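Right, one structure below, let's go through it.
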Amino acid sequence: MYWVATEIVTEKNVIKRAKMIKQFLKIAVFCQSCNNFNSMFCVLSGLAHAAVKRLEDTWDKVPTKWYKAFEDLHDLLDPSRNMYKYRSLVNNAPCRAPMIPFFPVIKKDLTFIHLGIDSKVEGGLINFEKMRHVRARSRASRSSVVRITTRVPCS
């Protein structure tokens, strides 16, 4: 995120900055097509950084096609309804595997499971229902990731 923002902000030429933004948008679109959501979100977060967003003269020079792509991808960052747009994209992804998910969402899910469900039940016994929830969330994340040796072409 900060690398993207730093690269854009340190460039003094407006035209070169617009080209850099366009290039980063191409990278984000490519990451989405390869189901690399973690990198896609990092690039988009850098482009949505306040220091980059206030460069209005630069954004005016970005082609409308790529600005529209930025808006479409940026909608996936919407945290409302528990990242609903991102989750629906992941669940309906055309080529589900391999996929690199957005790790903060997985971390949040596991944190809510850990904090929301007691580890022990009455009598001091282990709460296996909590363990089942953790396992289900872990399997959902792992099932979409294929071993690195497997080659699956991007769409």
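How things are named: the first chain in the structure tokens is A, the next is B, and so on; residues count from 1 in each chain; ligands count from 1 in the order shown.
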Residues at most 9 Å from segment 42-53 of chain A, counting only C-alpha atoms, excluding those fewer than 3 positions away in the same chain, as a PDB file with N, CA and C atoms, in the first residue's frame?
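Below you can see out-v8.pdb, which holds the result:
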```
ATOM      1  N   MET A   1       0.808  -1.179   0.000  1.00  0.00           N
ATOM      2  CA  MET A   1       0.000   0.000   0.000  1.00  0.00           C
ATOM      3  C   MET A   1       0.859   1.253   0.000  1.00  0.00           C
ATOM      4  N   TYR A   2       1.790   1.326   0.966  1.00  0.00           N
ATOM      5  CA  TYR A   2       2.593   2.543   1.054  1.00  0.00           C
ATOM      6  C   TYR A   2       3.575   2.653  -0.103  1.00  0.00           C
ATOM      7  N   TRP A   3       4.024   1.529  -0.625  1.00  0.00           N
ATOM      8  CA  TRP A   3       4.930   1.591  -1.762  1.00  0.00           C
ATOM      9  C   TRP A   3       4.225   2.222  -2.961  1.00  0.00           C
ATOM     10  N   VAL A   4       2.993   1.823  -3.228  1.00  0.00           N
ATOM     11  CA  VAL A   4       2.233   2.367  -4.350  1.00  0.00           C
ATOM     12  C   VAL A   4       2.055   3.860  -4.162  1.00  0.00           C
ATOM     13  N   ALA A   5       1.612   4.276  -2.980  1.00  0.00           N
ATOM     14  CA  ALA A   5       1.394   5.695  -2.714  1.00  0.00           C
ATOM     15  C   ALA A   5       2.691   6.489  -2.811  1.00  0.00           C
ATOM     16  N   THR A   6       3.771   5.934  -2.280  1.00  0.00           N
ATOM     17  CA  THR A   6       5.057   6.628  -2.315  1.00  0.00           C
ATOM     18  C   THR A   6       5.562   6.797  -3.736  1.00  0.00           C
ATOM     19  N   ILE A   8       3.881   7.035  -6.474  1.00  0.00           N
ATOM     20  CA  ILE A   8       3.074   8.021  -7.204  1.00  0.00           C
ATOM     21  C   ILE A   8       3.350   9.427  -6.705  1.00  0.00           C
ATOM     22  N   VAL A   9       3.383   9.598  -5.394  1.00  0.00           N
ATOM     23  CA  VAL A   9       3.526  10.940  -4.824  1.00  0.00           C
ATOM     24  C   VAL A   9       4.920  11.519  -5.076  1.00  0.00           C
ATOM     25  N   ILE A  21      -0.348   5.640 -12.297  1.00  0.00           N
ATOM     26  CA  ILE A  21      -1.649   5.229 -11.766  1.00  0.00           C
ATOM     27  C   ILE A  21      -2.293   4.221 -12.707  1.00  0.00           C
ATOM     28  N   PHE A  24      -0.535   0.888 -12.269  1.00  0.00           N
ATOM     29  CA  PHE A  24      -0.949   0.219 -11.037  1.00  0.00           C
ATOM     30  C   PHE A  24      -2.368  -0.337 -11.168  1.00  0.00           C
ATOM     31  N   LEU A  25      -3.225   0.366 -11.872  1.00  0.00           N
ATOM     32  CA  LEU A  25      -4.578  -0.150 -12.104  1.00  0.00           C
ATOM     33  C   LEU A  25      -4.542  -1.408 -12.970  1.00  0.00           C
ATOM     34  N   ILE A  27      -2.150  -3.545 -12.964  1.00  0.00           N
ATOM     35  CA  ILE A  27      -1.668  -4.580 -12.052  1.00  0.00           C
ATOM     36  C   ILE A  27      -2.821  -5.088 -11.184  1.00  0.00           C
ATOM     37  N   ALA A  28      -3.639  -4.173 -10.674  1.00  0.00           N
ATOM     38  CA  ALA A  28      -4.769  -4.565  -9.827  1.00  0.00           C
ATOM     39  C   ALA A  28      -5.778  -5.412 -10.607  1.00  0.00           C
ATOM     40  N   PHE A  37      -6.345 -11.714  -4.506  1.00  0.00           N
ATOM     41  CA  PHE A  37      -7.098 -10.625  -3.892  1.00  0.00           C
ATOM     42  C   PHE A  37      -6.284  -9.841  -2.873  1.00  0.00           C
ATOM     43  N   ASN A  38      -5.331 -10.468  -2.223  1.00  0.00           N
ATOM     44  CA  ASN A  38      -4.520  -9.760  -1.245  1.00  0.00           C
ATOM     45  C   ASN A  38      -3.685  -8.671  -1.923  1.00  0.00           C
ATOM     46  N   SER A  39      -3.008  -9.007  -3.014  1.00  0.00           N
ATOM     47  CA  SER A  39      -2.212  -8.007  -3.735  1.00  0.00           C
ATOM     48  C   SER A  39      -3.103  -6.946  -4.374  1.00  0.00           C
ATOM     49  N   GLU A  56      -5.769  15.800  -7.820  1.00  0.00           N
ATOM     50  CA  GLU A  56      -6.869  15.903  -8.775  1.00  0.00           C
ATOM     51  C   GLU A  56      -6.392  16.117 -10.205  1.00  0.00           C
ATOM     52  N   THR A  58      -3.747  15.011 -11.536  1.00  0.00           N
ATOM     53  CA  THR A  58      -3.234  13.729 -12.026  1.00  0.00           C
ATOM     54  C   THR A  58      -4.378  12.788 -12.376  1.00  0.00           C
ATOM     55  N   TRP A  59      -5.373  12.681 -11.495  1.00  0.00           N
ATOM     56  CA  TRP A  59      -6.506  11.794 -11.749  1.00  0.00           C
ATOM     57  C   TRP A  59      -7.297  12.244 -12.979  1.00  0.00           C
ATOM     58  N   PHE A  70     -10.956   1.576 -11.624  1.00  0.00           N
ATOM     59  CA  PHE A  70     -10.602   1.865 -10.232  1.00  0.00           C
ATOM     60  C   PHE A  70     -11.849   1.934  -9.356  1.00  0.00           C
ATOM     61  N   LEU A  73     -13.265  -1.650  -8.867  1.00  0.00           N
ATOM     62  CA  LEU A  73     -12.457  -2.436  -7.943  1.00  0.00           C
ATOM     63  C   LEU A  73     -12.530  -1.869  -6.524  1.00  0.00           C
ATOM     64  N   HIS A  74     -12.600  -0.547  -6.425  1.00  0.00           N
ATOM     65  CA  HIS A  74     -12.649   0.088  -5.114  1.00  0.00           C
ATOM     66  C   HIS A  74     -13.937  -0.255  -4.364  1.00  0.00           C
ATOM     67  N   LEU A  77     -13.641  -2.902  -1.796  1.00  0.00           N
ATOM     68  CA  LEU A  77     -13.060  -2.537  -0.504  1.00  0.00           C
ATOM     69  C   LEU A  77     -14.110  -2.103   0.510  1.00  0.00           C
TER      70      LEU A  77
END
```
Show me, as a PDB file with C-alpha atoms, in the first residue's frame, the residues that have an atom within 9 Å of segment 100-109 of chain A when counting only C-alpha atoms, minus same-chain residues fewer than 4 positions from it.
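New file out_5.pdb:
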```pdb
ATOM      1  CA  CYS A  34      -5.615 -14.324 -11.269  1.00  0.00           C
ATOM      2  CA  ASN A  35      -7.636 -14.357  -8.016  1.00  0.00           C
ATOM      3  CA  ASN A  36      -4.811 -12.689  -6.093  1.00  0.00           C
ATOM      4  CA  PHE A  37      -7.098 -10.625  -3.892  1.00  0.00           C
ATOM      5  CA  ASN A  38      -4.520  -9.760  -1.245  1.00  0.00           C
ATOM      6  CA  SER A  39      -2.212  -8.007  -3.735  1.00  0.00           C
ATOM      7  CA  MET A  40      -5.184  -6.422  -5.486  1.00  0.00           C
ATOM      8  CA  PHE A  41      -6.352  -4.871  -2.221  1.00  0.00           C
ATOM      9  CA  ASN A  82     -19.094  -7.550   6.585  1.00  0.00           C
ATOM     10  CA  MET A  83     -17.258  -7.105   3.255  1.00  0.00           C
ATOM     11  CA  TYR A  86     -15.713  -9.109  -1.635  1.00  0.00           C
ATOM     12  CA  VAL A  90     -14.832 -14.872  -3.786  1.00  0.00           C
ATOM     13  CA  ILE A 113     -14.875 -16.995  16.371  1.00  0.00           C
ATOM     14  CA  HIS A 114     -12.212 -16.946  19.073  1.00  0.00           C
ATOM     15  CA  VAL A 134     -12.361 -22.669  13.272  1.00  0.00           C
ATOM     16  CA  ARG A 137     -13.159 -21.272   8.270  1.00  0.00           C
ATOM     17  CA  SER A 138      -9.663 -22.684   7.830  1.00  0.00           C
ATOM     18  CA  SER A 141      -9.518 -20.561   3.041  1.00  0.00           C
ATOM     19  CA  SER A 144      -9.135 -22.380  -2.630  1.00  0.00           C
ATOM     20  CA  VAL A 145      -5.352 -22.420  -2.439  1.00  0.00           C
TER      21      VAL A 145
END
```
Discussion item. I'd like to know which residues of segment 60-149 of chain A are alpha helix (DSSP H) (by DSSP, run on the backbone); could you write them as a ChimeraX atom specification?
Written reply: /A:60-61,64-74,80-91,103-116,128-143
